[in-house]
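This is run.cif (mmCIF, C-alpha atoms).
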data_run
#
loop_
_atom_site.label_atom_id
_atom_site.label_comp_id
_atom_site.auth_asym_id
_atom_site.auth_seq_id
_atom_site.Cartn_x
_atom_site.Cartn_y
_atom_site.Cartn_z
CA MET P 206 -11.00 -4.98 -9.51
CA GLU P 207 -9.39 -4.39 -6.07
CA LYS P 208 -9.38 -0.63 -6.55
CA GLN P 209 -13.06 -0.57 -7.46
CA ALA P 210 -13.87 -2.68 -4.39
CA ILE P 211 -11.89 -0.30 -2.14
CA LYS P 212 -13.55 2.75 -3.70
CA ASP P 213 -16.99 1.24 -3.19
CA TRP P 214 -16.20 0.17 0.39
CA VAL P 215 -14.58 3.42 1.54
CA ALA P 216 -16.10 6.20 -0.59
CA GLU P 217 -19.57 4.84 -1.34
CA ARG P 218 -20.35 2.83 1.79
CA ALA P 219 -18.10 4.64 4.31
CA LYS P 220 -17.05 1.30 5.82
CA PRO P 221 -13.98 0.81 8.05
CA TYR P 222 -10.72 0.22 6.19
CA PHE P 223 -7.15 -0.23 7.40
CA GLY P 224 -4.55 -0.38 4.63
CA VAL P 225 -0.90 -1.27 5.15
CA CYS P 226 1.86 -0.52 2.60
CA LEU P 227 0.27 -1.73 -0.66
CA GLY P 228 -3.13 -1.23 1.00
CA HIS P 229 -2.11 2.40 1.65
CA GLN P 230 -1.14 2.85 -1.99
CA LEU P 231 -4.32 1.15 -3.24
CA LEU P 232 -6.52 3.36 -1.04
CA ALA P 233 -4.93 6.53 -2.43
CA ASP P 234 -4.98 5.33 -6.04
CA SER P 235 -8.55 4.01 -5.92
CA LEU P 236 -9.86 7.34 -4.65
CA GLY P 237 -8.00 9.52 -7.16
CA GLY P 238 -4.58 9.99 -5.58
CA LYS P 239 -1.28 9.18 -7.24
CA VAL P 240 1.23 6.40 -6.57
CA GLY P 241 4.69 6.14 -8.11
CA LEU P 242 8.18 4.85 -7.56
CA SER P 243 10.14 6.54 -4.80
CA ASP P 244 13.50 8.05 -5.67
CA VAL P 245 15.17 6.05 -2.88
CA GLY P 246 12.55 3.92 -1.11
CA GLU P 247 12.67 3.02 2.55
CA HIS P 248 13.90 -0.33 3.84
CA GLY P 249 14.49 -0.68 7.57
CA VAL P 250 13.60 1.18 10.74
CA PHE P 251 12.78 4.85 10.18
CA ASN P 252 11.15 7.73 12.00
CA ILE P 253 7.79 9.08 10.95
CA ASP P 254 6.22 12.29 12.17
CA ILE P 255 2.56 12.61 13.11
CA PRO P 256 1.90 16.29 13.90
CA ARG P 257 -0.80 16.99 16.48
CA ASN P 258 -4.16 16.65 14.79
CA PRO P 259 -7.78 16.53 15.95
CA ASN P 260 -8.52 13.46 13.80
CA PRO P 261 -9.45 10.66 16.25
CA LEU P 262 -7.53 8.13 14.15
CA VAL P 263 -4.25 9.55 15.51
CA ALA P 264 -5.47 10.44 19.01
CA GLY P 265 -3.00 9.76 21.79
CA LEU P 266 0.03 9.47 19.52
CA SER P 267 3.19 11.44 20.13
CA GLU P 268 4.74 13.34 17.25
CA ARG P 269 7.63 11.00 16.33
CA HIS P 270 7.57 7.21 15.95
CA LYS P 271 9.96 4.47 14.91
CA VAL P 272 8.39 2.19 12.30
CA VAL P 273 9.39 -0.61 9.94
CA GLN P 274 9.45 0.31 6.25
CA TRP P 275 9.81 -1.83 3.14
CA HIS P 276 8.74 -0.04 -0.03
CA MET P 277 9.96 1.34 -3.34
CA ALA P 278 6.58 2.76 -4.39
CA GLU P 279 4.81 5.49 -2.46
CA VAL P 280 1.77 7.73 -2.48
CA SER P 281 2.91 10.90 -4.26
CA ALA P 282 -0.43 12.75 -4.10
CA ALA P 283 -3.29 12.15 -1.68
CA SER P 284 -6.74 11.60 -3.08
CA PRO P 285 -9.24 14.48 -2.91
CA GLY P 286 -10.76 14.61 0.56
CA ALA P 287 -8.07 12.44 2.15
CA GLN P 288 -6.14 13.89 5.07
CA ILE P 289 -2.38 13.40 5.39
CA LEU P 290 -1.71 12.56 9.04
CA GLY P 291 1.93 11.49 8.96
CA SER P 292 5.16 11.81 6.99
CA SER P 293 8.81 10.79 6.87
CA GLU P 294 11.88 12.50 5.45
CA VAL P 295 11.71 10.27 2.36
CA SER P 296 7.95 9.82 1.90
CA PRO P 297 5.75 12.80 2.77
CA ILE P 298 2.55 10.72 2.80
CA GLN P 299 3.03 8.01 5.44
CA VAL P 300 -0.42 8.04 7.05
CA LEU P 301 -3.71 8.84 5.31
CA ALA P 302 -7.26 9.12 6.60
CA VAL P 303 -10.52 9.29 4.74
CA GLY P 304 -12.98 10.73 7.20
CA GLU P 305 -12.87 8.84 10.46
CA HIS P 306 -13.51 5.42 8.95
CA ALA P 307 -10.49 4.71 6.73
CA LEU P 308 -6.84 4.74 7.76
CA SER P 309 -3.75 3.64 5.88
CA THR P 310 -0.03 3.53 6.59
CA GLN P 311 2.90 3.32 4.17
CA PHE P 312 4.94 1.72 6.93
CA HIS P 313 4.35 -1.83 8.12
CA SER P 314 2.10 -1.20 11.10
CA GLU P 315 1.45 -4.94 11.30
CA CYS P 316 5.13 -5.71 11.88
CA GLY P 317 5.96 -7.52 15.09
CA ALA P 318 8.64 -9.97 16.17
CA GLN P 319 6.82 -12.83 14.40
CA SER P 320 6.76 -10.85 11.14
CA LEU P 321 10.51 -10.35 11.33
CA MET P 322 11.06 -14.09 11.76
CA THR P 323 8.75 -14.85 8.82
CA TRP P 324 10.56 -12.37 6.59
CA THR P 325 13.92 -13.87 7.59
CA GLN P 326 12.70 -17.31 6.48
CA THR P 327 11.24 -16.08 3.18
CA PRO P 328 13.51 -17.21 0.30
CA GLY P 329 15.31 -14.27 -1.28
CA TYR P 330 14.09 -11.68 1.24
CA ILE P 331 17.49 -11.01 2.81
CA ASP P 332 19.16 -10.87 -0.62
CA ILE P 333 16.67 -8.27 -1.86
CA PHE P 334 17.06 -6.20 1.32
CA GLU P 335 20.86 -6.27 1.11
CA ALA P 336 20.77 -5.43 -2.61
CA HIS P 337 19.18 -2.12 -1.59
CA LYS P 338 21.05 -1.47 1.66
CA GLY P 339 24.38 -3.32 1.37
CA LYS P 340 25.94 -6.51 2.67
CA GLY P 341 25.25 -7.15 6.35
CA SER P 342 22.47 -4.56 6.47
CA TYR P 343 19.75 -7.08 7.27
CA GLU P 344 21.38 -8.04 10.58
CA LYS P 345 21.66 -4.35 11.46
CA PHE P 346 17.99 -3.90 10.55
CA LEU P 347 16.99 -6.80 12.83
CA ARG P 348 18.93 -5.32 15.75
CA GLN P 349 17.27 -1.92 15.21
CA ALA P 350 13.81 -3.44 14.81
CA TYR P 351 14.03 -5.68 17.88
CA SER P 352 15.40 -2.76 19.90
CA ALA P 353 12.46 -0.56 18.85
CA MET P 354 9.79 -3.31 18.90
CA SER P 355 8.02 -2.06 22.02
CA GLU P 356 7.59 1.41 20.48
CA ILE P 357 6.63 -0.07 17.10
CA ASN P 358 3.98 -2.26 18.73
CA THR P 359 2.61 0.60 20.86
CA THR P 360 2.16 2.82 17.79
CA SER P 361 0.48 0.04 15.82
CA GLU P 362 -1.85 -0.90 18.67
CA ARG P 363 -2.88 2.74 19.16
CA LEU P 364 -3.68 3.17 15.44
CA TYR P 365 -5.77 0.00 15.44
CA GLU P 366 -7.58 0.91 18.67
CA ASN P 367 -8.31 4.40 17.33
CA LEU P 368 -9.81 2.97 14.14
CA VAL P 369 -11.92 0.48 16.10
CA SER P 370 -13.12 3.24 18.42
CA ALA P 371 -13.81 5.84 15.70
CA THR P 372 -15.77 3.36 13.58
CA LYS P 373 -17.54 1.84 16.58
CA LEU P 374 -16.54 -1.67 15.51
CA VAL P 375 -16.67 -2.61 19.19
CA ALA P 376 -19.25 -1.08 21.49
#

Starting from the file, give its structure as structure tokens.
Amino acid sequence: MEKQAIKDWVAERAKPYFGVCLGHQLLADSLGGKVGLSDVGEHGVFNIDIPRNPNPLVAGLSERHKVVQWHMAEVSAASPGAQILGSSEVSPIQVLAVGEHALSTQFHSECGAQSLMTWTQTPGYIDIFEAHKGKGSYEKFLRQAYSAMSEINTTSERLYENLVSATKLVA
């Protein structure tokens, strides 16, 4: 049901769409791409690369960005007509665009300081994180994330502003 709604919204109606993590995977899958389990996943603060590109959805972004990741599944093949705008060493499809109206990120572009506090208070979250990364790794992740928060926020704000501008959501 969700995938059909996304397909209708993005492919049929060409309406604005911003997908994050699962929303990134659903966009790709609903339009004919492929999603599967990653060999290693990404949990923590990682670099992504956004090569220079004329697509207005990535205008004004430098080529390397620190981002927050939390995923075991990933887009393994982009849907026909989608443009891959960013990658990481682990996941080659980190940022997707469909035209200039749909944008999705594998990384958590919504992540800010408040998100980190919410995740910390979510029962079982730290245990799951440390099961993947080792004992004490969540504290290290928090230090890295808070240290990079200004850059993380700047990247996220630019992506959002670019989508709003490209889709003329605000005149």

Using all atoms listed in the file, which residues of region 207-326 of chain P come within 10 Å of region 340-361 of chain P, and what is the closest atom pair for each, with the distance in Å to one decimal? Give it as a tab-separated table, sorted by chain and residue number.
residue	atom	partner	partner_atom	distance
P:His248	CA	P:Phe346	CA	8.6
P:Gly249	CA	P:Phe346	CA	5.6
P:Val250	CA	P:Ala350	CA	6.2
P:Phe251	CA	P:Ala350	CA	9.6
P:Val263	CA	P:Thr360	CA	9.6
P:Gly265	CA	P:Thr360	CA	9.5
P:Leu266	CA	P:Thr360	CA	7.2
P:Ser267	CA	P:Thr360	CA	9.0
P:Arg269	CA	P:Thr360	CA	9.9
P:His270	CA	P:Thr360	CA	7.2
P:Lys271	CA	P:Ile357	CA	6.0
P:Val272	CA	P:Ile357	CA	5.6
P:Val273	CA	P:Ala350	CA	7.2
P:Thr310	CA	P:Ser361	CA	9.9
P:His313	CA	P:Ser361	CA	8.8
P:Ser314	CA	P:Ser361	CA	5.1
P:Glu315	CA	P:Ser361	CA	6.8
P:Cys316	CA	P:Asn358	CA	7.8
P:Gly317	CA	P:Asn358	CA	6.7
P:Ala318	CA	P:Tyr351	CA	7.1
P:Leu321	CA	P:Leu347	CA	7.5
P:Met322	CA	P:Leu347	CA	9.5
P:Thr325	CA	P:Tyr343	CA	9.0

Would you save the residues of that selection, restricted to C-alpha atoms, as an mmCIF file, in the coordinates of the input?
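And here is the file that came out, selection-v1.cif:
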data_model
loop_
_atom_site.group_PDB
_atom_site.id
_atom_site.type_symbol
_atom_site.label_atom_id
_atom_site.label_comp_id
_atom_site.auth_asym_id
_atom_site.auth_seq_id
_atom_site.Cartn_x
_atom_site.Cartn_y
_atom_site.Cartn_z
ATOM 1 C CA HIS P 248 13.900 -0.330 3.840
ATOM 2 C CA GLY P 249 14.490 -0.680 7.570
ATOM 3 C CA VAL P 250 13.600 1.180 10.740
ATOM 4 C CA PHE P 251 12.780 4.850 10.180
ATOM 5 C CA VAL P 263 -4.250 9.550 15.510
ATOM 6 C CA GLY P 265 -3.000 9.760 21.790
ATOM 7 C CA LEU P 266 0.030 9.470 19.520
ATOM 8 C CA SER P 267 3.190 11.440 20.130
ATOM 9 C CA ARG P 269 7.630 11.000 16.330
ATOM 10 C CA HIS P 270 7.570 7.210 15.950
ATOM 11 C CA LYS P 271 9.960 4.470 14.910
ATOM 12 C CA VAL P 272 8.390 2.190 12.300
ATOM 13 C CA VAL P 273 9.390 -0.610 9.940
ATOM 14 C CA THR P 310 -0.030 3.530 6.590
ATOM 15 C CA HIS P 313 4.350 -1.830 8.120
ATOM 16 C CA SER P 314 2.100 -1.200 11.100
ATOM 17 C CA GLU P 315 1.450 -4.940 11.300
ATOM 18 C CA CYS P 316 5.130 -5.710 11.880
ATOM 19 C CA GLY P 317 5.960 -7.520 15.090
ATOM 20 C CA ALA P 318 8.640 -9.970 16.170
ATOM 21 C CA LEU P 321 10.510 -10.350 11.330
ATOM 22 C CA MET P 322 11.060 -14.090 11.760
ATOM 23 C CA THR P 325 13.920 -13.870 7.590
#

(message) I'd like to see the residues matched by the PyMOL selection byres ((chain P and resi 244) around 10) on this file, and ideally I'd get them as a PyMOL selection string.
(response) chain P and resi 241-243+245-247+277-279+295-296

(message) Just checking: using only C-alpha atoms, which residue out of P:Ile255, P:Ala302, P:Cys226, P:Ile289 ends up closest to Leu368 (chain P)?
(response) P:Ala302

(message) Give me the residues near Ile211 (chain P) as a ChimeraX atom specification, where near means some atom within 8 Å (using all atoms listed in the file) and where sequence neighbours in that chain fewer than 3 positions away do not count.
(response) /P:207-208,214-216,231-232,235

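With CA of Gln274 (chain P) on one side and CA of Ala371 (chain P) on the other, the separation reads 25.7 Å.
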
(request) Rank nothing, just name the residue among P:Arg257, P:His306, P:His229, P:Lys212 nearest to Ser370 (chain P), using all atoms listed in the file. (result) P:His306

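Of note, CA of Ser293 (chain P) and CA of Ile253 (chain P) are spaced 4.5 Å apart.
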
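Distance check against Ser309 (chain P) using all atoms listed in the file: of P:Pro221, P:Pro259, P:Gly228, P:Gly237, the minimum falls on P:Gly228.
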
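With CA of Glu268 (chain P) on one side and CA of Lys338 (chain P) on the other, the separation reads 27.0 Å.
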
(request) Using all atoms listed in the file, determine which residues lie at most 9 Å from Ala264 (chain P), disregarding the query and same-chain residues fewer than 6 positions distant; provide the list as a PyMOL selection string. (result) chain P and resi 257-258+363-364+367

(request) Give as an NGL selection string the residues that the PyMOL selection byres ((chain P and resi 291) around 7) matches when applied to the coordinates above. (result) :P and (253-256 or 289-290 or 292 or 298-300)

Taking (-6.1, 9.9, -2.5) as a centre in this file's frame and 7 Å as the limit, can you find every polymer residue with an atom that close, using all atoms listed in the file, and give them as a compact mmCIF listing (two decimals) with C-alpha atoms, in the frame of the given file?
# COMPACT_ATOMS: atom_id res chain seq x y z
CA LEU P 232 -6.52 3.36 -1.04
CA ALA P 233 -4.93 6.53 -2.43
CA ASP P 234 -4.98 5.33 -6.04
CA LEU P 236 -9.86 7.34 -4.65
CA GLY P 237 -8.00 9.52 -7.16
CA GLY P 238 -4.58 9.99 -5.58
CA LYS P 239 -1.28 9.18 -7.24
CA ALA P 282 -0.43 12.75 -4.10
CA ALA P 283 -3.29 12.15 -1.68
CA SER P 284 -6.74 11.60 -3.08
CA PRO P 285 -9.24 14.48 -2.91
CA ALA P 287 -8.07 12.44 2.15

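Residue nearest Val303 (chain P), chosen from P:Leu227, P:Ala336, P:Ala219, P:Ile331 and counting only C-alpha atoms: P:Ala219.
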
(request) Would you please work out which residue, of P:Gln230, P:Thr372, P:Glu362, P:Trp324, is nearest to Leu301 (chain P) when using only C-alpha atoms? (result) P:Gln230

Enclose all atoms of region 220-232 of chain P listed in the file in an axis-aligned box, grow every side by 3 Å, and hand back centre and edge lengths in Å to one decimal, as JSON.
{"center_x": -7.6, "center_y": 0.8, "center_z": 2.4, "size_x": 24.9, "size_y": 11.1, "size_z": 17.3}

(request) Can you work out which one of P:Tyr365, P:Phe334, P:Trp275, P:Phe312 has the shortest atom-to-atom distance to Val225 (chain P), counting all atoms listed in the file? (result) P:Phe312

Atom completion result for region 318-337 of chain P (N, CA and C atoms) as a short mmCIF file (atom, residue, chain, number, x, y, z; two decimals), keeping the file's coordinate frame:
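Full text of rebuild_36.cif as output:
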data_model
loop_
_atom_site.label_atom_id
_atom_site.label_comp_id
_atom_site.auth_asym_id
_atom_site.auth_seq_id
_atom_site.Cartn_x
_atom_site.Cartn_y
_atom_site.Cartn_z
N ALA P 318 7.51 -9.04 16.13
CA ALA P 318 8.64 -9.97 16.17
C ALA P 318 8.39 -11.18 15.28
N GLN P 319 7.15 -11.68 15.25
CA GLN P 319 6.82 -12.83 14.40
C GLN P 319 6.99 -12.49 12.92
N SER P 320 6.59 -11.28 12.54
CA SER P 320 6.76 -10.85 11.14
C SER P 320 8.23 -10.88 10.75
N LEU P 321 9.08 -10.38 11.63
CA LEU P 321 10.51 -10.35 11.33
C LEU P 321 11.05 -11.76 11.11
N MET P 322 10.61 -12.71 11.92
CA MET P 322 11.06 -14.09 11.76
C MET P 322 10.56 -14.67 10.43
N THR P 323 9.31 -14.36 10.08
CA THR P 323 8.75 -14.85 8.82
C THR P 323 9.53 -14.28 7.64
N TRP P 324 9.82 -12.99 7.68
CA TRP P 324 10.56 -12.37 6.59
C TRP P 324 11.95 -12.99 6.46
N THR P 325 12.59 -13.28 7.60
CA THR P 325 13.92 -13.87 7.59
C THR P 325 13.91 -15.23 6.90
N GLN P 326 12.81 -15.97 7.05
CA GLN P 326 12.70 -17.31 6.48
C GLN P 326 12.17 -17.32 5.05
N THR P 327 11.78 -16.16 4.54
CA THR P 327 11.24 -16.08 3.18
C THR P 327 12.40 -16.12 2.19
N PRO P 328 12.41 -17.11 1.26
CA PRO P 328 13.51 -17.21 0.30
C PRO P 328 13.71 -15.91 -0.48
N GLY P 329 14.95 -15.45 -0.52
CA GLY P 329 15.31 -14.27 -1.28
C GLY P 329 15.12 -12.94 -0.57
N TYR P 330 14.41 -12.94 0.55
CA TYR P 330 14.09 -11.68 1.24
C TYR P 330 15.35 -10.94 1.67
N ILE P 331 16.26 -11.65 2.32
CA ILE P 331 17.49 -11.01 2.81
C ILE P 331 18.32 -10.50 1.64
N ASP P 332 18.39 -11.28 0.56
CA ASP P 332 19.16 -10.87 -0.62
C ASP P 332 18.61 -9.58 -1.21
N ILE P 333 17.30 -9.48 -1.31
CA ILE P 333 16.67 -8.27 -1.86
C ILE P 333 16.96 -7.08 -0.94
N PHE P 334 16.80 -7.28 0.36
CA PHE P 334 17.06 -6.20 1.32
C PHE P 334 18.49 -5.71 1.18
N GLU P 335 19.45 -6.65 1.16
CA GLU P 335 20.86 -6.27 1.11
C GLU P 335 21.27 -5.73 -0.26
N ALA P 336 20.52 -6.04 -1.31
CA ALA P 336 20.77 -5.43 -2.61
C ALA P 336 20.49 -3.93 -2.56
N HIS P 337 19.52 -3.53 -1.74
CA HIS P 337 19.18 -2.12 -1.59
C HIS P 337 20.05 -1.41 -0.55
#
